[in-house]
Every structure is written in structure tokens, then in C-alpha cells.
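**Student:** This is model-v9.tsv, which holds TSV, C-alpha atoms and all ligand atoms:
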```
chain	number	residue	atom	x	y	z
L	1	MET	CA	72.25	63.38	156.39
L	2	VAL	CA	70.97	63.83	160.00
L	3	ASN	CA	68.75	60.85	159.33
L	4	ARG	CA	71.69	58.65	158.29
L	5	VAL	CA	73.74	59.69	161.32
L	6	LEU	CA	70.82	58.83	163.60
L	7	MET	CA	70.35	55.44	161.95
L	8	TRP	CA	74.07	54.82	162.56
L	9	ALA	CA	73.68	56.01	166.15
L	10	ALA	CA	70.73	53.62	166.62
L	11	ALA	CA	73.04	50.70	165.83
L	12	SER	CA	76.08	51.82	167.87
L	13	PRO	CA	76.43	49.85	171.13
L	14	ARG	CA	79.15	52.22	172.42
L	15	LEU	CA	77.03	55.33	171.97
L	16	GLN	CA	74.08	53.45	173.41
L	17	ARG	CA	76.04	52.73	176.60
L	18	GLN	CA	77.17	56.33	176.95
L	19	VAL	CA	73.72	57.82	176.42
L	20	THR	CA	71.69	55.37	178.48
L	21	GLU	CA	73.99	55.67	181.48
L	22	ASN	CA	73.33	59.40	181.57
L	23	PRO	CA	70.51	60.18	184.06
L	24	VAL	CA	69.57	63.40	182.26
L	25	ALA	CA	69.19	61.49	178.99
L	26	ARG	CA	66.98	58.98	180.78
L	27	ARG	CA	64.71	61.78	181.96
L	28	ALA	CA	64.57	63.34	178.48
L	29	ALA	CA	63.54	59.98	177.00
L	30	HIS	CA	60.36	60.12	179.05
L	31	ARG	CA	58.56	62.19	176.50
L	32	PHE	CA	58.39	59.10	174.27
L	33	VAL	CA	58.70	56.24	176.79
L	34	ALA	CA	56.22	55.70	179.62
L	35	GLY	CA	58.90	54.72	182.13
L	36	ALA	CA	61.22	51.92	183.14
L	37	ARG	CA	58.65	49.71	184.90
L	38	LEU	CA	55.52	47.84	183.87
L	39	GLU	CA	53.61	49.90	186.46
L	40	ASP	CA	54.55	53.06	184.53
L	41	ALA	CA	53.10	51.60	181.34
L	42	LEU	CA	49.91	50.45	183.11
L	43	GLU	CA	49.48	53.94	184.54
L	44	ALA	CA	49.91	55.47	181.08
L	45	ALA	CA	47.39	52.96	179.67
L	46	ALA	CA	44.84	53.82	182.37
L	47	GLU	CA	45.29	57.53	181.66
L	48	LEU	CA	44.78	56.94	177.92
L	49	ASN	CA	41.71	54.79	178.62
L	50	SER	CA	40.24	57.62	180.70
L	51	ARG	CA	40.34	59.73	177.52
L	52	GLY	CA	38.67	57.05	175.40
L	53	ILE	CA	41.96	55.83	173.90
L	54	GLY	CA	43.19	52.23	173.92
L	55	SER	CA	46.83	51.26	174.37
L	56	ILE	CA	49.45	48.80	173.17
L	57	LEU	CA	52.08	47.93	175.77
L	58	ASP	CA	55.54	47.36	174.34
L	59	LEU	CA	58.44	46.15	176.47
L	60	LEU	CA	61.48	47.79	174.90
L	61	GLY	CA	64.25	45.48	173.77
L	62	GLU	CA	65.21	43.92	170.46
L	63	GLY	CA	67.94	42.10	168.60
L	64	VAL	CA	68.99	39.91	171.53
L	65	GLU	CA	72.24	38.08	170.86
L	66	ASP	CA	71.97	35.47	173.58
L	67	LEU	CA	69.02	33.93	175.35
L	68	SER	CA	69.90	35.08	178.86
L	69	GLY	CA	67.49	38.02	178.95
L	70	VAL	CA	64.73	36.42	176.91
L	71	GLY	CA	63.13	34.62	179.85
L	72	HIS	CA	62.81	37.94	181.63
L	73	ALA	CA	61.07	39.52	178.59
L	74	VAL	CA	58.63	36.61	178.33
L	75	ALA	CA	57.85	36.80	182.05
L	76	GLU	CA	57.35	40.56	181.81
L	77	TYR	CA	54.89	40.12	178.94
L	78	GLU	CA	53.03	37.45	180.87
L	79	GLU	CA	52.81	39.78	183.84
L	80	ALA	CA	51.64	42.58	181.55
L	81	THR	CA	48.77	40.52	180.10
L	82	GLN	CA	47.70	39.42	183.60
L	83	ALA	CA	47.74	43.01	184.83
L	84	ILE	CA	45.83	44.33	181.80
L	85	ALA	CA	43.11	41.75	182.43
L	86	ALA	CA	43.07	42.25	186.21
L	87	GLN	CA	42.77	46.04	185.85
L	88	GLY	CA	40.19	45.76	183.05
L	89	LEU	CA	42.29	47.94	180.73
L	90	ASP	CA	41.62	48.35	177.03
L	91	SER	CA	45.11	47.34	175.98
L	92	THR	CA	46.94	44.91	173.74
L	93	ILE	CA	50.63	43.99	173.95
L	94	SER	CA	53.13	44.24	171.11
L	95	ILE	CA	56.24	42.13	170.79
L	96	LYS	CA	59.35	42.04	168.66
L	97	LEU	CA	60.33	38.51	167.69
L	98	SER	CA	64.03	39.38	167.86
L	99	GLN	CA	63.41	40.10	171.54
L	100	LEU	CA	62.26	36.49	171.95
L	101	GLY	CA	65.45	35.06	170.45
L	102	GLN	CA	64.44	34.81	166.76
L	103	THR	CA	67.97	35.23	165.42
L	104	VAL	CA	69.68	33.12	168.09
L	105	ASP	CA	67.47	30.09	168.53
L	106	ARG	CA	64.36	29.98	166.37
L	107	ASP	CA	62.81	27.04	168.23
L	108	ALA	CA	63.14	28.92	171.50
L	109	CYS	CA	61.53	31.94	169.86
L	110	VAL	CA	58.59	29.83	168.64
L	111	ALA	CA	58.15	28.37	172.13
L	112	ASN	CA	58.32	31.82	173.72
L	113	LEU	CA	55.82	33.25	171.27
L	114	GLY	CA	53.47	30.32	171.91
L	115	ARG	CA	53.75	30.88	175.66
L	116	ILE	CA	52.90	34.57	175.37
L	117	LEU	CA	50.03	33.95	172.93
L	118	GLY	CA	48.58	31.17	175.06
L	119	GLY	CA	48.80	33.19	178.27
L	120	ALA	CA	47.29	36.27	176.62
L	121	LYS	CA	44.42	34.27	175.11
L	122	ALA	CA	43.62	32.72	178.49
L	123	VAL	CA	42.98	36.17	179.96
L	124	GLY	CA	41.39	37.68	176.83
L	125	VAL	CA	44.22	40.03	175.84
L	126	ARG	CA	45.20	40.45	172.18
L	127	VAL	CA	48.78	40.31	170.91
L	128	GLU	CA	50.41	42.35	168.16
L	129	ILE	CA	53.73	41.58	166.48
L	130	ASP	CA	56.01	44.42	165.40
L	131	MET	CA	57.85	44.21	162.08
L	132	GLU	CA	61.60	44.74	162.25
L	133	ASP	CA	64.25	45.29	159.58
L	134	SER	CA	64.06	43.56	156.19
L	135	THR	CA	66.38	40.68	157.14
L	136	LEU	CA	63.72	39.51	159.60
L	137	VAL	CA	60.65	40.05	157.41
L	138	PRO	CA	60.39	36.60	155.73
L	139	ASP	CA	60.71	34.70	158.99
L	140	THR	CA	58.38	37.07	160.84
L	141	LEU	CA	55.73	36.53	158.15
L	142	GLU	CA	56.18	32.78	158.52
L	143	LEU	CA	55.87	32.89	162.30
L	144	PHE	CA	52.85	35.18	162.05
L	145	ARG	CA	51.16	32.75	159.65
L	146	GLU	CA	51.58	29.94	162.22
L	147	ALA	CA	50.54	32.16	165.11
L	148	ALA	CA	47.46	33.57	163.36
L	149	THR	CA	46.24	30.10	162.40
L	150	ALA	CA	46.03	29.13	166.09
L	151	HIS	CA	45.32	32.66	167.41
L	152	PRO	CA	43.38	34.61	164.76
L	153	GLN	CA	43.23	37.69	167.00
L	154	THR	CA	46.97	38.27	166.48
L	155	ARG	CA	47.87	41.41	164.57
L	156	LEU	CA	51.03	41.92	162.49
L	157	ALA	CA	52.75	45.19	161.58
L	158	ILE	CA	53.36	45.48	157.84
L	159	GLN	CA	55.67	48.08	156.30
L	160	ALA	CA	54.35	50.04	153.32
L	161	MET	CA	57.84	51.15	152.22
L	162	LEU	CA	59.02	47.63	151.36
L	163	ARG	CA	58.63	46.73	147.69
L	164	ARG	CA	57.70	43.15	148.59
L	165	THR	CA	54.75	44.10	150.80
L	166	PRO	CA	51.88	43.95	148.24
L	167	LEU	CA	52.89	40.38	147.38
L	168	ASP	CA	53.29	39.45	151.04
L	169	LEU	CA	49.78	40.67	151.74
L	170	GLU	CA	48.36	38.78	148.75
L	171	ALA	CA	49.95	35.63	150.17
L	172	LEU	CA	48.35	36.31	153.57
L	173	ALA	CA	44.90	37.08	152.08
L	174	PRO	CA	43.40	33.60	152.69
L	175	LEU	CA	44.09	34.11	156.42
L	176	LYS	CA	42.05	37.35	156.44
L	177	PRO	CA	44.95	38.94	158.32
L	178	ARG	CA	44.76	41.52	161.07
L	179	VAL	CA	47.34	44.10	160.09
L	180	ARG	CA	48.83	47.27	161.52
L	181	LEU	CA	49.92	49.19	158.45
L	182	VAL	CA	52.97	51.45	159.03
L	183	LYS	CA	55.39	53.25	156.72
L	184	GLY	CA	58.46	51.40	158.09
L	185	ALA	CA	61.02	52.74	160.55
L	186	TYR	CA	64.26	51.08	159.37
L	187	ALA	CA	66.90	52.34	156.90
L	188	GLU	CA	66.59	49.95	153.95
L	189	PRO	CA	68.43	49.90	150.59
L	190	VAL	CA	66.71	51.24	147.49
L	191	GLU	CA	66.48	47.73	145.96
L	192	LEU	CA	64.23	46.67	148.83
L	193	ALA	CA	62.32	49.78	149.78
L	194	GLN	CA	60.77	52.93	148.37
L	195	GLN	CA	62.78	55.94	149.55
L	196	GLY	CA	60.64	58.92	148.52
L	197	LYS	CA	57.90	60.26	150.79
L	198	GLY	CA	55.46	60.44	147.84
L	199	GLU	CA	56.10	56.85	146.77
L	200	ILE	CA	55.74	55.53	150.31
L	201	ARG	CA	52.49	57.44	150.75
L	202	ALA	CA	51.15	56.09	147.43
L	203	GLN	CA	51.91	52.52	148.48
L	204	PHE	CA	50.40	53.15	151.94
L	205	LYS	CA	47.16	54.33	150.31
L	206	PHE	CA	47.07	51.37	147.94
L	207	LEU	CA	47.55	48.97	150.88
L	208	THR	CA	44.91	50.81	152.94
L	209	ASP	CA	42.36	50.14	150.19
L	210	TRP	CA	43.53	46.52	150.00
L	211	LEU	CA	43.10	46.02	153.75
L	212	PHE	CA	39.54	47.31	153.68
L	213	ARG	CA	38.77	44.66	151.03
L	214	HIS	CA	40.76	41.68	152.34
L	215	GLY	CA	41.78	42.29	155.95
L	216	VAL	CA	39.96	42.14	159.25
L	217	ASP	CA	39.85	45.10	161.61
L	218	PRO	CA	42.78	46.96	160.02
L	219	ALA	CA	44.88	49.38	162.07
L	220	PHE	CA	46.65	52.35	160.54
L	221	GLY	CA	49.81	53.24	162.47
L	222	THR	CA	50.63	56.70	161.19
L	223	HIS	CA	50.63	60.36	162.25
L	224	ASP	CA	50.44	61.53	158.66
L	225	ASP	CA	47.34	63.70	158.14
L	226	GLU	CA	47.11	62.82	154.45
L	227	LEU	CA	47.13	59.06	155.13
L	228	ILE	CA	44.64	59.36	157.97
L	229	ALA	CA	42.30	61.36	155.71
L	230	HIS	CA	42.71	58.71	153.01
L	231	ALA	CA	41.85	55.88	155.42
L	232	ARG	CA	38.71	57.69	156.58
L	233	LYS	CA	37.58	58.20	153.00
L	234	ALA	CA	38.48	54.66	151.92
L	235	ALA	CA	36.50	53.25	154.85
L	236	VAL	CA	33.36	55.05	153.73
L	237	GLN	CA	33.89	53.89	150.14
L	238	ALA	CA	34.30	50.30	151.36
L	239	GLY	CA	31.08	50.57	153.40
L	240	LYS	CA	32.94	50.34	156.73
L	241	GLY	CA	32.03	52.24	159.89
L	242	PRO	CA	34.44	53.70	162.48
L	243	GLU	CA	34.03	50.52	164.57
L	244	ASP	CA	35.58	48.42	161.76
L	245	PHE	CA	39.12	49.81	161.96
L	246	GLU	CA	41.44	51.81	164.21
L	247	PHE	CA	44.15	54.43	164.14
L	248	GLN	CA	47.31	53.82	166.11
L	249	PHE	CA	49.77	56.42	167.36
L	250	LEU	CA	53.11	56.39	169.14
L	251	TYR	CA	53.21	57.57	172.74
L	252	GLY	CA	53.83	61.29	173.04
L	253	ILE	CA	53.13	62.11	169.39
L	254	ARG	CA	50.21	64.13	167.91
L	255	ARG	CA	47.93	64.15	170.95
L	256	ASP	CA	45.87	66.84	169.21
L	257	LEU	CA	45.08	64.51	166.34
L	258	GLN	CA	44.34	61.60	168.69
L	259	ARG	CA	41.73	63.73	170.45
L	260	GLU	CA	40.19	64.96	167.21
L	261	LEU	CA	39.77	61.39	165.94
L	262	VAL	CA	38.21	60.20	169.21
L	263	ASP	CA	35.85	63.19	169.16
L	264	ASN	CA	34.82	62.15	165.65
L	265	GLY	CA	33.91	58.64	166.81
L	266	HIS	CA	37.06	56.83	165.68
L	267	ARG	CA	38.87	54.12	167.60
L	268	VAL	CA	42.36	55.22	168.61
L	269	ARG	CA	45.10	53.16	170.25
L	270	VAL	CA	48.47	54.43	171.46
L	271	TYR	CA	51.67	52.37	171.48
L	272	VAL	CA	53.17	52.70	174.97
L	273	PRO	CA	56.83	51.65	175.19
L	274	PHE	CA	58.31	50.93	178.60
L	275	GLY	CA	61.52	49.46	180.00
L	276	SER	CA	65.15	50.43	180.25
L	277	ALA	CA	66.18	49.49	176.68
L	278	TRP	CA	64.85	52.69	175.14
L	279	TYR	CA	67.86	53.80	173.12
L	280	PRO	CA	67.22	52.18	169.67
L	281	TYR	CA	63.53	53.10	169.91
L	282	LEU	CA	64.28	56.73	170.68
L	283	THR	CA	66.91	57.14	167.95
L	284	ARG	CA	64.41	55.80	165.37
L	285	ARG	CA	61.90	58.44	166.54
L	286	MET	CA	64.58	61.13	166.09
L	287	ALA	CA	65.42	59.89	162.62
L	288	GLU	CA	61.73	60.26	161.69
L	289	ARG	CA	61.67	63.80	162.96
L	290	PRO	CA	65.00	65.56	163.58
L	291	ALA	CA	63.11	68.21	165.63
L	292	ASN	CA	62.95	65.51	168.32
L	293	LEU	CA	66.74	65.47	168.36
L	294	LEU	CA	66.75	69.18	169.22
L	295	PHE	CA	64.20	68.53	171.96
L	296	PHE	CA	66.40	65.78	173.36
L	297	LEU	CA	69.61	67.81	173.17
L	298	ARG	CA	67.93	70.80	174.84
L	299	ALA	CA	66.72	68.56	177.67
L	300	LEU	CA	70.28	67.22	178.01
L	301	VAL	CA	71.77	70.66	178.51
L	302	GLY	CA	68.89	71.66	180.77
L	303	ARG	CA	67.24	74.34	178.56
J	1	LIG	P1	55.81	60.82	159.03
J	1	LIG	O1	57.09	60.39	159.67
J	1	LIG	O2	55.87	61.41	157.67
J	1	LIG	O3	55.08	61.83	160.02
J	1	LIG	C1	53.91	62.54	159.71
J	1	LIG	C2	53.75	63.63	160.75
J	1	LIG	O4	53.56	63.05	162.05
J	1	LIG	C3	54.99	64.50	160.90
J	1	LIG	O5	54.97	65.57	160.01
J	1	LIG	C4	54.88	64.91	162.34
J	1	LIG	O6	53.94	65.96	162.46
J	1	LIG	C5	54.33	63.70	163.03
J	1	LIG	N1	55.39	62.78	163.50
J	1	LIG	C6	55.77	61.61	162.94
J	1	LIG	N2	56.74	61.00	163.63
J	1	LIG	C7	57.01	61.83	164.65
J	1	LIG	C8	57.92	61.78	165.72
J	1	LIG	N3	58.78	60.76	165.87
J	1	LIG	N4	57.91	62.80	166.59
J	1	LIG	C9	57.06	63.85	166.47
J	1	LIG	N5	56.17	63.95	165.45
J	1	LIG	C10	56.15	62.97	164.58
J	1	LIG	N6	57.59	50.77	162.18
J	1	LIG	C11	58.12	49.56	161.88
J	1	LIG	O7	59.01	49.47	161.05
J	1	LIG	N7	57.64	48.44	162.53
J	1	LIG	C12	56.63	48.49	163.43
J	1	LIG	O8	56.23	47.46	163.97
J	1	LIG	C13	56.07	49.77	163.73
J	1	LIG	N8	55.07	49.89	164.65
J	1	LIG	C14	54.44	51.11	164.80
J	1	LIG	C15	53.34	51.21	165.62
J	1	LIG	C16	52.63	52.39	165.70
J	1	LIG	C17	51.42	52.49	166.57
J	1	LIG	C18	53.08	53.53	164.93
J	1	LIG	C19	52.32	54.82	164.95
J	1	LIG	C20	54.20	53.45	164.17
J	1	LIG	C21	54.92	52.25	164.10
J	1	LIG	N9	56.07	52.15	163.34
J	1	LIG	C22	56.59	50.92	163.08
J	1	LIG	C23	56.78	53.38	162.88
J	1	LIG	C24	56.40	53.76	161.46
J	1	LIG	O9	56.92	52.84	160.55
J	1	LIG	C25	56.93	55.16	161.13
J	1	LIG	O10	58.33	55.15	161.20
J	1	LIG	C26	56.41	56.26	162.04
J	1	LIG	O11	55.05	56.07	162.34
J	1	LIG	C27	56.55	57.64	161.35
J	1	LIG	O12	55.82	57.66	160.15
J	1	LIG	P2	54.43	58.45	159.94
J	1	LIG	O13	53.53	57.56	159.18
J	1	LIG	O14	53.91	58.92	161.23
J	1	LIG	O15	54.78	59.62	158.94
```
How would this structure read if it were set down as C-alpha cells?
Ligand code: FDA

**Tutor:**
Amino acid sequence: MVNRVLMWAAASPRLQRQVTENPVARRAAHRFVAGARLEDALEAAAELNSRGIGSILDLLGEGVEDLSGVGHAVAEYEEATQAIAAQGLDSTISIKLSQLGQTVDRDACVANLGRILGGAKAVGVRVEIDMEDSTLVPDTLELFREAATAHPQTRLAIQAMLRRTPLDLEALAPLKPRVRLVKGAYAEPVELAQQGKGEIRAQFKFLTDWLFRHGVDPAFGTHDDELIAHARKAAVQAGKGPEDFEFQFLYGIRRDLQRELVDNGHRVRVYVPFGSAWYPYLTRRMAERPANLLFFLRALVGR
């Protein structure tokens, strides 16, 4: 129930306006968002690097309905890749195609993606592509296929909860895809997605094994102890060492586990969101864990 309300809240522009204009809410969001500016994200990345953890810089913003702000997002990503290279940070960038105009003007989105990929390649920074809701999955797979052919370092997020995912991965197998495997953060209908925790975990494990056989440098984006334990075991069974894959976490979540993995020789990378458009991101995090809602509400009333 709480989960459904939060998913509704994530999509409500009116609520978004009310919450994001509240300075106290902005401060409370900082537990999960590095800050409003690129400099905040670079600082967070440097701090993570100092603890042996890589980062993934994500400029918040998605689902743009006109192209006016897209140029700004592209420029911000270009600046981010330049800064990562100039500061010698161990960091990738992650983009949402809907932020580049995917649903408004596909050609513009392709051009924007090409610009970001080309600029990032020139300075030796890798790019990751987030996966959004199921309406965007087919086109995102298509654009990834084109991008990965020219830029094989590109990584794509793939959602274990979607019923179509095993077939999508089979279709990508000839590309030897770089994948970030995640459970999936969007409310999807039962026809399209597994709903039960157990079923999603089972599919995640199946896909983990698949990626060790057919993927390159897989990343597992989860905080779930059981799935992390499975990936570690599956790696050994597949004859892979800790250098052959990585674990990815969201900023502000399970720092204890991040440290434990690093101490055990694993590669860990943290997704660092930054920017002013934090509302949909934060409401998805609350839907995953309603305890975060309490944290946020307490911060709002100053307790
Ligand atoms: P689950 O939600 O079951 O959590 C397992 C445990 O982790 C919890 O019991 C709790 O201890 C802790 N935990 C999890 N979420 C928490 C939270 N919000 N706050 C505090 N503790 C929490 N999704 C998507 O659809 N497209 C994408 O591109 C991405 N990209 C992405 C990148 C990275 C690096 C990560 C880690 C995740 C994503 N996701 C995503 C989100 C993903 O699909 C999923 O919604 C979340 O990771 C939560 O699922 P878990 O696997 O962590 O399990």
C-alpha cells in the first residue's frame, strides 16, 4: 500500500513542485543525493575513491517532455567526463535516455548519446545507461546495441524483474554485453514483471550465472545480501576472480557492506546522483524501503 502511494507520488508533478520547493526537504534529500552541483558529486567521488570505492556520476533528471533542458544535461555530462579525467577519478557516468529526449525526438536523443559517448571515449571515461520503465525498454535495448557496437565499453542496466529479460539478454549475447544487473525500480504490471521477492531473486540469480558465462565484466547493482552471496559463489564456480566483476551500490545505502566487500578484495562502485531534479529518484528509494520515508518525514519536522 505504502509502496503504491509512493509510486503515485513519484509521478505527481504537483506534489513534486511542493516538495522540491521546500528547503527542509532539499536538505533531507542529501542523505541519498550528493548535492545540487557537479562539484558536489566530484567531491563525493573523490571521498569514495579514497576508501577504495569507484563511483558512477548520475545527473538527476528523466522523462523530459521538451528539448529545452536537454542541451544543458548533455553539456553537464560533457563537463563531468572532462572533470573525472582531469582529476584522475575512478568514475563512470550513467545516463537516462529519456533525459536526452528519447520520447520527444529520437534522432536528437541518438545525436546526444553519440556526443556524450564520443566525448567520454576521448578522455577515457566509461558510460553506463540506466534502464527506465518498461515502455522504454525495447528502444533502450536498440540504442544500446548501436552504442555498444561503436563503444564496447558501454554498460547497460538490465532489470531482473521483467519477464522478457532472459530473452533480451540472449539476443544481446553475440555482443558480449557489459551489464549492470538490477532488480528493477519501477511499478510494472504482473503481465510484464515478476512481483514476488522470491521470484525476482530467483531470476536475478539465474541471470547472474548467465552473465558470468556470456557477459563481460558484469556489475551487480543490489544491496541484497543473498544476491551478493550468490554472485560471489557463482564467480568462483565460473572460474572468475574478484577483478572480473563488480558490485554497485546506491549512494548512502549499506556502507557497511560496501566496506566489507572492499576489505575482501572485491571491486565496489557507488552510484552518485547529483542535481536539483531529485524528487522521482528519492521517491523510488522510499518505495524500495518505506523506512526511508520515516527518515525523510522526521527530517522534515526537524526530529
Ligand atoms: P532490496 O530492495 O530487497 O534491498 C535489500 C536490502 O538492501 C534491504 O533489506 C535494505 O537493507 C537495503 N536497501 C535496499 N534499498 C534500500 C534503500 N532505498 N534504502 C535503504 N536500504 C536499502 N533500477 C532500475 O530500474 N534501473 C536502473 O538503471 C537502476 N540502476 C541502479 C544502479 C545501482 C548501482 C543500484 C544499486 C540500483 C539500481 N537500480 C536501478 C535500482 C534497483 O532496481 C533496485 O530498485 C534497488 O537496488 C533496490 O533493490 P535491492 O536489490 O537492493 O534489493

**Student:** Using only C-alpha atoms and all ligand atoms for the distances, tell me which of L:Phe32, L:Phe206, L:Phe212, L:Phe249 is nearest to ligand LIG 1 (chain J).

**Tutor:** L:Phe249

**Student:** What residues have an atom no more than 8 Å from (59.5, 52.1, 178.7) in the file's own frame, counting all atoms listed in the file, and can you write them as a ChimeraX atom specification?

**Tutor:** /L:33-38,40-41,58-60,272-278

**Student:** Could you tell me which of L:Leu57, L:Ala120, L:Ala235, L:Ala108 comes closest to ligand LIG 1 (chain J) if we count only C-alpha atoms and all ligand atoms?

**Tutor:**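 The answer is L:Leu57, which sits nearest to ligand LIG 1 (chain J).
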
**Student:** Report, in Å with one decimal, the straight-line distance from atom N7 of ligand LIG 1 (chain J) to atom CA of Leu261 of chain L.

**Tutor:**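 Answer for the atom N7 of ligand LIG 1 (chain J) to atom CA of Leu261 of chain L separation: 22.3 Å.
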
**Student:** What are the centre and edge lengths in Å, to one decimal, of the axis-aligned box around all listed atoms of ligand LIG 1 (chain J) with 6 Å added on each side, as lines of an AutoDock Vina configuration file?

**Tutor:**
```
center_x = 55.2
center_y = 56.7
center_z = 162.1
size_x = 19.6
size_y = 30.5
size_z = 20.9
```

**Student:** For ligand LIG 1 (chain J), which residue out of L:Leu156, L:Val216, L:Ala80, L:Ala173 is the nearest one, using all atoms listed in the file?

**Tutor:**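 Of the candidates, the smallest distance to ligand LIG 1 (chain J) is held by L:Leu156.
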
**Student:** With ligand LIG 1 (chain J) as the partner and 8 Å as the cut-off, tabulate the residues of chain L that qualify, each row holding the nearest pair of atoms and their distance in Å to one decimal, using all atoms listed in the file, sorted by chain and rising number, as JSON lines.

**Tutor:**
```
{"residue": "L:Ile56", "atom": "CA", "partner": "J:LIG1", "partner_atom": "C17", "distance": 7.8}
{"residue": "L:Lys96", "atom": "CA", "partner": "J:LIG1", "partner_atom": "O8", "distance": 7.8}
{"residue": "L:Ile129", "atom": "CA", "partner": "J:LIG1", "partner_atom": "O8", "distance": 6.9}
{"residue": "L:Asp130", "atom": "CA", "partner": "J:LIG1", "partner_atom": "O8", "distance": 3.4}
{"residue": "L:Met131", "atom": "CA", "partner": "J:LIG1", "partner_atom": "O8", "distance": 4.1}
{"residue": "L:Glu132", "atom": "CA", "partner": "J:LIG1", "partner_atom": "N7", "distance": 5.4}
{"residue": "L:Asp133", "atom": "CA", "partner": "J:LIG1", "partner_atom": "O7", "distance": 6.9}
{"residue": "L:Leu156", "atom": "CA", "partner": "J:LIG1", "partner_atom": "O8", "distance": 7.7}
{"residue": "L:Ala157", "atom": "CA", "partner": "J:LIG1", "partner_atom": "O8", "distance": 4.8}
{"residue": "L:Ile158", "atom": "CA", "partner": "J:LIG1", "partner_atom": "N7", "distance": 7.0}
{"residue": "L:Gln159", "atom": "CA", "partner": "J:LIG1", "partner_atom": "O7", "distance": 6.0}
{"residue": "L:Arg180", "atom": "CA", "partner": "J:LIG1", "partner_atom": "C15", "distance": 7.3}
{"residue": "L:Val182", "atom": "CA", "partner": "J:LIG1", "partner_atom": "O9", "distance": 4.5}
{"residue": "L:Lys183", "atom": "CA", "partner": "J:LIG1", "partner_atom": "O9", "distance": 4.1}
{"residue": "L:Gly184", "atom": "CA", "partner": "J:LIG1", "partner_atom": "O9", "distance": 3.2}
{"residue": "L:Ala185", "atom": "CA", "partner": "J:LIG1", "partner_atom": "O10", "distance": 3.7}
{"residue": "L:Tyr186", "atom": "CA", "partner": "J:LIG1", "partner_atom": "O7", "distance": 5.7}
{"residue": "L:Lys197", "atom": "CA", "partner": "J:LIG1", "partner_atom": "O2", "distance": 7.3}
{"residue": "L:Phe220", "atom": "CA", "partner": "J:LIG1", "partner_atom": "C19", "distance": 7.6}
{"residue": "L:Gly221", "atom": "CA", "partner": "J:LIG1", "partner_atom": "C19", "distance": 3.9}
{"residue": "L:Thr222", "atom": "CA", "partner": "J:LIG1", "partner_atom": "O13", "distance": 3.6}
{"residue": "L:His223", "atom": "CA", "partner": "J:LIG1", "partner_atom": "O14", "distance": 3.7}
{"residue": "L:Asp224", "atom": "CA", "partner": "J:LIG1", "partner_atom": "C1", "distance": 3.8}
{"residue": "L:Asp225", "atom": "CA", "partner": "J:LIG1", "partner_atom": "C1", "distance": 6.9}
{"residue": "L:Leu227", "atom": "CA", "partner": "J:LIG1", "partner_atom": "O13", "distance": 7.7}
{"residue": "L:Phe247", "atom": "CA", "partner": "J:LIG1", "partner_atom": "C17", "distance": 7.9}
{"residue": "L:Gln248", "atom": "CA", "partner": "J:LIG1", "partner_atom": "C17", "distance": 4.3}
{"residue": "L:Phe249", "atom": "CA", "partner": "J:LIG1", "partner_atom": "C19", "distance": 3.9}
{"residue": "L:Leu250", "atom": "CA", "partner": "J:LIG1", "partner_atom": "C19", "distance": 4.5}
{"residue": "L:Gly252", "atom": "CA", "partner": "J:LIG1", "partner_atom": "C9", "distance": 7.8}
{"residue": "L:Ile253", "atom": "CA", "partner": "J:LIG1", "partner_atom": "C9", "distance": 5.2}
{"residue": "L:Arg254", "atom": "CA", "partner": "J:LIG1", "partner_atom": "C5", "distance": 6.4}
{"residue": "L:Arg269", "atom": "CA", "partner": "J:LIG1", "partner_atom": "C17", "distance": 7.3}
{"residue": "L:Val270", "atom": "CA", "partner": "J:LIG1", "partner_atom": "C17", "distance": 6.0}
{"residue": "L:Tyr271", "atom": "CA", "partner": "J:LIG1", "partner_atom": "C17", "distance": 4.9}
{"residue": "L:Arg284", "atom": "CA", "partner": "J:LIG1", "partner_atom": "O10", "distance": 7.4}
{"residue": "L:Arg285", "atom": "CA", "partner": "J:LIG1", "partner_atom": "N3", "distance": 3.9}
{"residue": "L:Met286", "atom": "CA", "partner": "J:LIG1", "partner_atom": "N3", "distance": 5.8}
{"residue": "L:Ala287", "atom": "CA", "partner": "J:LIG1", "partner_atom": "N3", "distance": 7.4}
{"residue": "L:Glu288", "atom": "CA", "partner": "J:LIG1", "partner_atom": "O1", "distance": 5.1}
{"residue": "L:Arg289", "atom": "CA", "partner": "J:LIG1", "partner_atom": "C8", "distance": 5.1}
{"residue": "L:Ala291", "atom": "CA", "partner": "J:LIG1", "partner_atom": "C9", "distance": 7.5}
{"residue": "L:Asn292", "atom": "CA", "partner": "J:LIG1", "partner_atom": "N4", "distance": 6.0}
```

**Student:** Is it possible to get the residues within 9 Å of (66.8, 40.4, 177.1) (coordinates as in the file, counting all atoms listed in the file) written as a PyMOL selection string?

**Tutor:** chain L and resi 61-73+99-101

**Student:** What gap, in Å, lies between atom CA of Ala45 of chain L and atom CA of Pro280 of chain L?

**Tutor:**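 Taking atom CA of Ala45 of chain L as the start and atom CA of Pro280 of chain L as the end point, the length is 22.2 Å.
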
**Student:** When you count only C-alpha atoms, which of these residues is closest to Glu79 of chain L: L:Glu39, L:Asp244, L:Asp107, L:Glu47?

**Tutor:** L:Glu39

**Student:** Could you name the residues that touch Leu167 of chain L at 12 Å or less, counting only C-alpha atoms, but leaving out those on the same chain fewer than 2 positions away, as a PyMOL selection string?

**Tutor:** chain L and resi 138+141+158+160+162-165+169-173+207+210

**Student:** State, in Å with one decimal place, the distance from atom CA of Phe144 of chain L to atom CA of Ala111 of chain L.

**Tutor:**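 Between atom CA of Phe144 of chain L and atom CA of Ala111 of chain L the gap is 13.3 Å.
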
**Student:** Nearest residue to Trp8 of chain L out of L:Asn22, L:Ile53, L:Thr208, L:Ala187, using only C-alpha atoms?

**Tutor:**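 Going through L:Asn22, L:Ile53, L:Thr208, L:Ala187 one by one, the smallest distance to Trp8 of chain L is for L:Ala187.
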
**Student:** Can you work out which one of L:Asn49, L:Thr81, L:Gln237, L:Thr20 has the shortest atom-to-atom distance to Arg213 of chain L, counting all atoms listed in the file?

**Tutor:**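 For Arg213 of chain L, the nearest of the candidates is L:Gln237.
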